[in-house]
Amino acid sequence: MSSAAGEESGGAAVPQGPVPVERVKAANGLEKVILREVRKNSVEVYLYGGHVTSWKDEHGEELLFVSNKAIFKPPKAIRGGIPICFPQFSNFGHLEAHGFARNRIWTVDTDPPPFPVPISSRAYIDLMLKPTEEDLKIWPHSFEYRLRVALGPGGDLMLTSRIRNTSADGKSFSFTFAYHTYFSISDISEIRVEGLETLDYLDNLQDRARFTEQGDAIVFESELDRIYLGTPSKIAIIDHEKKRTFVVRKGGLPDAVVWNPWDKKAKAMSDFGDDEYKRMVCVEAAAIEKPITLKPGEEWTGKLELSAVPSSYYSGQLDPDRVIQDSVVPEDSIS
């Protein structure tokens, strides 16, 4: 396991604190990894789907939404948390909706290539997904997908995806992608999403017709399902009742999906409670309108960093110049 857990040296006394990384058995024989930081923040990620299902603050409050009706049993995807949509978002292609990465068992990557920026946290796990023979029949492209899930010392949740074309036949491939993040909120009527004003979006409720956002923030009064295009590296979800703001920072992911199913669609989903739409909102860092194309040997990186701060602290000035860098990296530049 590529965590710093258990790497103390010199025989010196180690301060007692939470175990940074722990692998445990969960429901239906599935395995999950629990990440913990000294301030008692925690994250849980299932090897099934490489799927983050919990992100708790130092008070133990859950920051992600997972449905009470979620089915933790393959082949059903887990409803809530952060499903990974790869190699296809929604029905943008011929595969099952949202692709197959969220329905596969990932492995722990014990020897990942070095990450460009070392992280200060000891609480992280590296996972890997490679296509099975069955996957290659429905999507005939060889790839390595490496995912790092990290819990920062301040409680931030960081996901870094590195997808590489390992094809030996000289063929490129293209994919669409999303971190389908479900945030836990007080009430859908109490939140607003800032950072997407004046942008164009595709409205999934109107055959993906293109519109321009007219409001100074996104508020929710009915079902909403939009793909915002050319979005900034930072988006805020402001929860008035909890006086808490989620800050979404992203790199390599130009689009952002905003979704709430509202009452009728909630009732139509078997793994979603009838009234649960009131307590969740999806704001998803994504690459959809312009698929990512990788030549053999090329690697793409998509980053997501989530933080939760008091709304009084967030006034639109939270590290305004901070940008998460990204790129498709040619093979010869990867060490």
# chains A, B, ... in the order shown; residues from 1 in each chain; ligands from 1

$ residues_around --residues "Ala287 in chain A" --least-positions-apart "3" --cutoff "6 Å" --atoms "only C-alpha atoms" --output "list of chain:residue names"
A:Thr176, A:Phe177, A:Leu253, A:Pro254, A:Asp255

$ write_last_selection --atoms "N, CA and C atoms" --output "PDB file, in the first residue's frame"
ATOM      1  N   THR A 176     -14.964  10.656 -22.260  1.00  0.00           N
ATOM      2  CA  THR A 176     -15.521  11.731 -21.447  1.00  0.00           C
ATOM      3  C   THR A 176     -15.464  11.274 -19.994  1.00  0.00           C
ATOM      4  N   PHE A 177     -15.604  12.229 -19.078  1.00  0.00           N
ATOM      5  CA  PHE A 177     -15.249  11.936 -17.683  1.00  0.00           C
ATOM      6  C   PHE A 177     -15.992  12.875 -16.745  1.00  0.00           C
ATOM      7  N   LEU A 253     -10.430  19.672 -16.086  1.00  0.00           N
ATOM      8  CA  LEU A 253     -11.857  19.364 -16.197  1.00  0.00           C
ATOM      9  C   LEU A 253     -12.618  20.650 -16.492  1.00  0.00           C
ATOM     10  N   PRO A 254     -12.765  21.000 -17.769  1.00  0.00           N
ATOM     11  CA  PRO A 254     -13.310  22.314 -18.130  1.00  0.00           C
ATOM     12  C   PRO A 254     -14.809  22.471 -17.904  1.00  0.00           C
ATOM     13  N   ASP A 255     -15.525  21.363 -17.777  1.00  0.00           N
ATOM     14  CA  ASP A 255     -16.983  21.448 -17.649  1.00  0.00           C
ATOM     15  C   ASP A 255     -17.414  21.202 -16.208  1.00  0.00           C
TER      16      ASP A 255
END

$ select_by_dssp --residues "range 185-316 of chain A" --states "strand (DSSP E or B)" --output "MDAnalysis selection string"
chainID A and resid 191:194 200:203 209:212 218 224:228 234:239 244:251 255:260 280:294 299:310

$ closest_residue --among "A:Thr293, A:Ser121, A:Thr301, A:Ser172" --to "Pro153 in chain A" --atoms "only C-alpha atoms"
A:Ser121

$ residues_around --residues "Lys171 in chain A" --least-positions-apart "5" --cutoff "12 Å" --atoms "only C-alpha atoms" --output "PyMOL selection string"
chain A and resi 140-143+165-166+293-298

$ write_last_selection --atoms "N, CA and C atoms" --output "mmCIF file, in the first residue's frame"
data_model
loop_
_atom_site.group_PDB
_atom_site.id
_atom_site.type_symbol
_atom_site.label_atom_id
_atom_site.label_comp_id
_atom_site.auth_asym_id
_atom_site.auth_seq_id
_atom_site.Cartn_x
_atom_site.Cartn_y
_atom_site.Cartn_z
ATOM 1 N N PRO A 140 -12.701 -1.306 -26.815
ATOM 2 C CA PRO A 140 -11.441 -1.991 -27.153
ATOM 3 C C PRO A 140 -10.205 -1.093 -27.086
ATOM 4 N N HIS A 141 -9.906 -0.612 -25.885
ATOM 5 C CA HIS A 141 -8.757 0.280 -25.704
ATOM 6 C C HIS A 141 -8.025 -0.089 -24.420
ATOM 7 N N SER A 142 -6.709 -0.219 -24.529
ATOM 8 C CA SER A 142 -5.902 -0.552 -23.357
ATOM 9 C C SER A 142 -5.545 0.722 -22.609
ATOM 10 N N PHE A 143 -5.720 0.689 -21.282
ATOM 11 C CA PHE A 143 -5.424 1.875 -20.478
ATOM 12 C C PHE A 143 -4.993 1.451 -19.083
ATOM 13 N N ASN A 165 -2.887 5.902 -22.028
ATOM 14 C CA ASN A 165 -3.119 5.007 -23.155
ATOM 15 C C ASN A 165 -1.939 4.040 -23.234
ATOM 16 N N THR A 166 -2.197 2.776 -22.921
ATOM 17 C CA THR A 166 -1.135 1.758 -22.942
ATOM 18 C C THR A 166 -1.237 0.868 -24.172
ATOM 19 N N THR A 293 -8.605 13.137 -25.775
ATOM 20 C CA THR A 293 -8.015 12.161 -26.691
ATOM 21 C C THR A 293 -6.568 11.906 -26.297
ATOM 22 N N LEU A 294 -6.221 10.626 -26.161
ATOM 23 C CA LEU A 294 -4.858 10.239 -25.806
ATOM 24 C C LEU A 294 -4.250 9.369 -26.901
ATOM 25 N N LYS A 295 -3.072 9.752 -27.361
ATOM 26 C CA LYS A 295 -2.291 8.894 -28.242
ATOM 27 C C LYS A 295 -1.590 7.837 -27.392
ATOM 28 N N PRO A 296 -1.115 6.761 -28.009
ATOM 29 C CA PRO A 296 -0.405 5.741 -27.231
ATOM 30 C C PRO A 296 0.739 6.368 -26.418
ATOM 31 N N GLY A 297 0.791 6.035 -25.148
ATOM 32 C CA GLY A 297 1.835 6.566 -24.276
ATOM 33 C C GLY A 297 1.485 7.870 -23.596
ATOM 34 N N GLU A 298 0.448 8.558 -24.083
ATOM 35 C CA GLU A 298 0.071 9.818 -23.452
ATOM 36 C C GLU A 298 -0.730 9.578 -22.185
#

$ residues_around --residues "Asp275 in chain A" --least-positions-apart "4" --cutoff "9 Å" --atoms "only C-alpha atoms" --output "list in words"
Trp262, Asp263, Ala266, Lys267 and Arg279 of chain A

$ write_last_selection --atoms "N, CA, C and O atoms" --output "mmCIF file, in the first residue's frame"
data_model
loop_
_atom_site.group_PDB
_atom_site.id
_atom_site.type_symbol
_atom_site.label_atom_id
_atom_site.label_comp_id
_atom_site.auth_asym_id
_atom_site.auth_seq_id
_atom_site.Cartn_x
_atom_site.Cartn_y
_atom_site.Cartn_z
ATOM 1 N N TRP A 262 -35.079 16.378 -8.131
ATOM 2 C CA TRP A 262 -36.382 16.859 -7.642
ATOM 3 C C TRP A 262 -37.307 15.673 -7.362
ATOM 4 O O TRP A 262 -36.859 14.510 -7.330
ATOM 5 N N ASP A 263 -38.570 15.930 -7.108
ATOM 6 C CA ASP A 263 -39.412 14.897 -6.506
ATOM 7 C C ASP A 263 -39.810 13.761 -7.452
ATOM 8 O O ASP A 263 -39.725 12.584 -7.090
ATOM 9 N N ALA A 266 -36.859 11.538 -8.263
ATOM 10 C CA ALA A 266 -36.432 10.847 -7.043
ATOM 11 C C ALA A 266 -37.294 9.613 -6.803
ATOM 12 O O ALA A 266 -36.802 8.530 -6.468
ATOM 13 N N LYS A 267 -38.601 9.765 -6.990
ATOM 14 C CA LYS A 267 -39.519 8.647 -6.753
ATOM 15 C C LYS A 267 -39.340 7.546 -7.788
ATOM 16 O O LYS A 267 -39.692 6.386 -7.532
ATOM 17 N N ARG A 279 -31.838 16.894 0.314
ATOM 18 C CA ARG A 279 -30.615 16.909 1.121
ATOM 19 C C ARG A 279 -29.350 16.699 0.308
ATOM 20 O O ARG A 279 -28.294 16.422 0.859
#

$ closest_residue --among "A:Gly60, A:Gly29, A:Gly252, A:Pro18" --to "Ser161 in chain A" --atoms "only C-alpha atoms"
A:Gly252

$ closest_atom_pairs --of "range 43-116 of chain A" --to "range 235-251 of chain A" --cutoff "12 Å" --atoms "only C-alpha atoms" --output "Markdown table"
| residue | atom | partner | partner_atom | distance |
| --- | --- | --- | --- | --- |
| A:Asp57 | CA | A:Arg244 | CA | 11.8 |
| A:Glu61 | CA | A:Lys242 | CA | 11.6 |
| A:Leu63 | CA | A:Phe246 | CA | 9.0 |
| A:Leu64 | CA | A:Phe246 | CA | 10.6 |

$ closest_residue --among "A:Asp200, A:Glu299, A:Glu305, A:Glu289" --to "Gln88 in chain A" --atoms "only C-alpha atoms"
A:Glu289

$ residues_around --residues "Leu196 in chain A" --least-positions-apart "3" --cutoff "9 Å" --atoms "only C-alpha atoms" --output "number ranges by chain"
A: 193, 199-200, 213, 216-218, 228-229, 231-232, 235, 256

$ select_by_dssp --residues "range 93-301 of chain A" --states "helix (DSSP H, G or I)" --output "list in words"
Ala101, Arg102, Asn103, Glu133, Glu134, Asp135, Leu136, Lys137, Ile138, Ile188, Ser189, Glu190, Asn204, Leu205, Gln206, Trp262, Asp263, Lys264, Lys265, Ala266, Lys267, Ala268, Glu276, Tyr277, Lys278 and Arg279 of chain A

$ residues_around --residues "Asp203 in chain A" --least-positions-apart "3" --cutoff "12 Å" --atoms "only C-alpha atoms" --output "list in words"
Asp200, Gln206, Asp207, Arg208, Ala209, Arg210, Phe211, Thr212, Glu213, Glu223, Leu224, Asp225, Arg226, Ile227, Tyr228, Leu229, Val257, Val258 and Trp259 of chain A

$ write_last_selection --atoms "N, CA and C atoms" --output "short mmCIF file (atom, residue, chain, number, x, y, z; two decimals), in the first residue's frame"
data_model
loop_
_atom_site.label_atom_id
_atom_site.label_comp_id
_atom_site.auth_asym_id
_atom_site.auth_seq_id
_atom_site.Cartn_x
_atom_site.Cartn_y
_atom_site.Cartn_z
N ASP A 200 -22.19 29.53 -20.76
CA ASP A 200 -23.08 28.70 -21.56
C ASP A 200 -23.24 27.33 -20.90
N GLN A 206 -33.74 19.61 -21.91
CA GLN A 206 -34.25 20.13 -23.17
C GLN A 206 -33.38 19.66 -24.33
N ASP A 207 -33.11 18.35 -24.36
CA ASP A 207 -32.35 17.74 -25.45
C ASP A 207 -30.99 18.39 -25.64
N ARG A 208 -30.39 18.81 -24.53
CA ARG A 208 -29.06 19.42 -24.52
C ARG A 208 -28.99 20.67 -25.39
N ALA A 209 -30.09 21.40 -25.44
CA ALA A 209 -30.06 22.71 -26.09
C ALA A 209 -29.12 23.62 -25.30
N ARG A 210 -28.52 24.57 -26.02
CA ARG A 210 -27.51 25.44 -25.41
C ARG A 210 -28.13 26.77 -24.99
N PHE A 211 -27.85 27.16 -23.75
CA PHE A 211 -28.34 28.42 -23.20
C PHE A 211 -27.19 29.13 -22.49
N THR A 212 -27.45 30.38 -22.10
CA THR A 212 -26.48 31.13 -21.31
C THR A 212 -27.08 31.41 -19.94
N GLU A 213 -26.30 31.15 -18.89
CA GLU A 213 -26.78 31.36 -17.53
C GLU A 213 -27.02 32.86 -17.31
N GLU A 223 -36.51 20.48 -10.85
CA GLU A 223 -35.43 19.63 -11.37
C GLU A 223 -34.46 20.46 -12.20
N LEU A 224 -33.17 20.17 -12.03
CA LEU A 224 -32.15 20.89 -12.78
C LEU A 224 -31.06 19.90 -13.17
N ASP A 225 -30.66 19.93 -14.45
CA ASP A 225 -29.66 18.99 -14.97
C ASP A 225 -28.94 19.68 -16.13
N ARG A 226 -27.81 20.28 -15.83
CA ARG A 226 -27.10 21.11 -16.82
C ARG A 226 -25.62 20.79 -16.85
N ILE A 227 -25.05 20.95 -18.05
CA ILE A 227 -23.60 20.84 -18.24
C ILE A 227 -23.07 22.23 -18.57
N TYR A 228 -22.40 22.85 -17.63
CA TYR A 228 -21.81 24.17 -17.86
C TYR A 228 -20.46 24.00 -18.54
N LEU A 229 -20.18 24.89 -19.49
CA LEU A 229 -19.03 24.75 -20.38
C LEU A 229 -17.98 25.83 -20.09
N VAL A 257 -21.07 19.80 -14.19
CA VAL A 257 -22.46 19.36 -14.22
C VAL A 257 -23.12 19.75 -12.91
N VAL A 258 -24.32 20.32 -12.99
CA VAL A 258 -25.11 20.64 -11.80
C VAL A 258 -26.43 19.89 -11.92
N TRP A 259 -26.75 19.10 -10.85
CA TRP A 259 -27.92 18.22 -10.96
C TRP A 259 -28.63 18.09 -9.63
#

$ atom_distance --atom1 "CA of Phe86 in chain A" --atom2 "CA of Gly99 in chain A"
5.0 Å

$ atom_distance --atom1 "CA of Thr198 in chain A" --atom2 "CA of Val219 in chain A"
14.3 Å

$ decode --residues "range 30-59 of chain A" --atoms "N, CA, C and O atoms" --output "tab-separated table (two decimals), in the first residue's frame"
chain	number	residue	atom	x	y	z
A	30	LEU	N	-17.43	-6.56	0.23
A	30	LEU	CA	-16.64	-5.51	-0.42
A	30	LEU	C	-15.57	-5.00	0.55
A	30	LEU	O	-15.72	-5.09	1.77
A	31	GLU	N	-14.53	-4.44	-0.02
A	31	GLU	CA	-13.45	-3.91	0.80
A	31	GLU	C	-13.42	-2.39	0.67
A	31	GLU	O	-13.67	-1.84	-0.41
A	32	LYS	N	-13.14	-1.72	1.78
A	32	LYS	CA	-13.00	-0.27	1.73
A	32	LYS	C	-11.75	0.16	2.49
A	32	LYS	O	-11.22	-0.58	3.33
A	33	VAL	N	-11.30	1.35	2.17
A	33	VAL	CA	-10.13	1.95	2.81
A	33	VAL	C	-10.61	3.18	3.58
A	33	VAL	O	-11.35	4.01	3.04
A	34	ILE	N	-10.20	3.28	4.84
A	34	ILE	CA	-10.54	4.44	5.66
A	34	ILE	C	-9.28	5.29	5.83
A	34	ILE	O	-8.23	4.78	6.24
A	35	LEU	N	-9.38	6.56	5.50
A	35	LEU	CA	-8.30	7.53	5.68
A	35	LEU	C	-8.66	8.42	6.86
A	35	LEU	O	-9.79	8.88	6.98
A	36	ARG	N	-7.68	8.66	7.74
A	36	ARG	CA	-7.93	9.50	8.91
A	36	ARG	C	-6.80	10.50	9.09
A	36	ARG	O	-5.64	10.18	8.86
A	37	GLU	N	-7.17	11.69	9.53
A	37	GLU	CA	-6.20	12.72	9.85
A	37	GLU	C	-6.25	13.02	11.35
A	37	GLU	O	-7.22	12.68	12.03
A	38	VAL	N	-5.23	13.71	11.86
A	38	VAL	CA	-5.11	13.91	13.30
A	38	VAL	C	-6.26	14.74	13.87
A	38	VAL	O	-6.61	14.61	15.04
A	39	ARG	N	-6.86	15.60	13.06
A	39	ARG	CA	-7.97	16.42	13.54
A	39	ARG	C	-9.30	15.67	13.50
A	39	ARG	O	-10.35	16.25	13.69
A	40	LYS	N	-9.22	14.36	13.23
A	40	LYS	CA	-10.38	13.46	13.22
A	40	LYS	C	-11.22	13.58	11.96
A	40	LYS	O	-12.33	13.03	11.90
A	41	ASN	N	-10.72	14.27	10.94
A	41	ASN	CA	-11.37	14.19	9.63
A	41	ASN	C	-11.18	12.76	9.11
A	41	ASN	O	-10.21	12.09	9.45
A	42	SER	N	-12.09	12.32	8.25
A	42	SER	CA	-11.94	10.98	7.68
A	42	SER	C	-12.56	10.89	6.29
A	42	SER	O	-13.40	11.72	5.92
A	43	VAL	N	-12.11	9.90	5.55
A	43	VAL	CA	-12.62	9.60	4.21
A	43	VAL	C	-12.72	8.08	4.10
A	43	VAL	O	-11.86	7.36	4.62
A	44	GLU	N	-13.75	7.61	3.42
A	44	GLU	CA	-13.87	6.19	3.12
A	44	GLU	C	-13.98	6.01	1.60
A	44	GLU	O	-14.72	6.74	0.94
A	45	VAL	N	-13.23	5.05	1.09
A	45	VAL	CA	-13.27	4.77	-0.35
A	45	VAL	C	-13.35	3.27	-0.57
A	45	VAL	O	-12.59	2.50	0.01
A	46	TYR	N	-14.33	2.85	-1.34
A	46	TYR	CA	-14.51	1.44	-1.68
A	46	TYR	C	-13.62	1.07	-2.85
A	46	TYR	O	-13.46	1.84	-3.81
A	47	LEU	N	-13.04	-0.14	-2.79
A	47	LEU	CA	-12.31	-0.63	-3.96
A	47	LEU	C	-13.29	-0.88	-5.10
A	47	LEU	O	-12.91	-0.78	-6.27
A	48	TYR	N	-14.54	-1.19	-4.77
A	48	TYR	CA	-15.56	-1.32	-5.81
A	48	TYR	C	-15.88	0.08	-6.35
A	48	TYR	O	-16.42	0.93	-5.65
A	49	GLY	N	-15.46	0.30	-7.59
A	49	GLY	CA	-15.71	1.59	-8.23
A	49	GLY	C	-14.65	2.64	-7.95
A	49	GLY	O	-14.73	3.74	-8.49
A	50	GLY	N	-13.65	2.32	-7.09
A	50	GLY	CA	-12.73	3.39	-6.67
A	50	GLY	C	-13.55	4.55	-6.12
A	50	GLY	O	-13.29	5.72	-6.39
A	51	HIS	N	-14.56	4.19	-5.31
A	51	HIS	CA	-15.69	5.07	-5.02
A	51	HIS	C	-15.60	5.65	-3.61
A	51	HIS	O	-15.71	4.92	-2.62
A	52	VAL	N	-15.40	6.96	-3.52
A	52	VAL	CA	-15.42	7.63	-2.22
A	52	VAL	C	-16.87	7.70	-1.75
A	52	VAL	O	-17.75	8.20	-2.45
A	53	THR	N	-17.13	7.18	-0.54
A	53	THR	CA	-18.50	7.14	-0.02
A	53	THR	C	-18.69	7.97	1.24
A	53	THR	O	-19.81	8.13	1.71
A	54	SER	N	-17.58	8.49	1.80
A	54	SER	CA	-17.71	9.28	3.02
A	54	SER	C	-16.57	10.28	3.11
A	54	SER	O	-15.43	9.98	2.75
A	55	TRP	N	-16.91	11.48	3.57
A	55	TRP	CA	-15.93	12.54	3.84
A	55	TRP	C	-16.46	13.31	5.04
A	55	TRP	O	-17.48	14.00	4.92
A	56	LYS	N	-15.83	13.12	6.19
A	56	LYS	CA	-16.32	13.73	7.42
A	56	LYS	C	-15.36	14.81	7.92
A	56	LYS	O	-14.14	14.68	7.79
A	57	ASP	N	-15.95	15.86	8.50
A	57	ASP	CA	-15.12	16.92	9.07
A	57	ASP	C	-14.65	16.54	10.47
A	57	ASP	O	-14.91	15.42	10.95
A	58	GLU	N	-13.96	17.47	11.12
A	58	GLU	CA	-13.35	17.16	12.42
A	58	GLU	C	-14.39	16.91	13.51
A	58	GLU	O	-14.07	16.38	14.57
A	59	HIS	N	-15.64	17.31	13.24
A	59	HIS	CA	-16.72	17.06	14.20
A	59	HIS	C	-17.46	15.75	13.91
A	59	HIS	O	-18.43	15.43	14.60
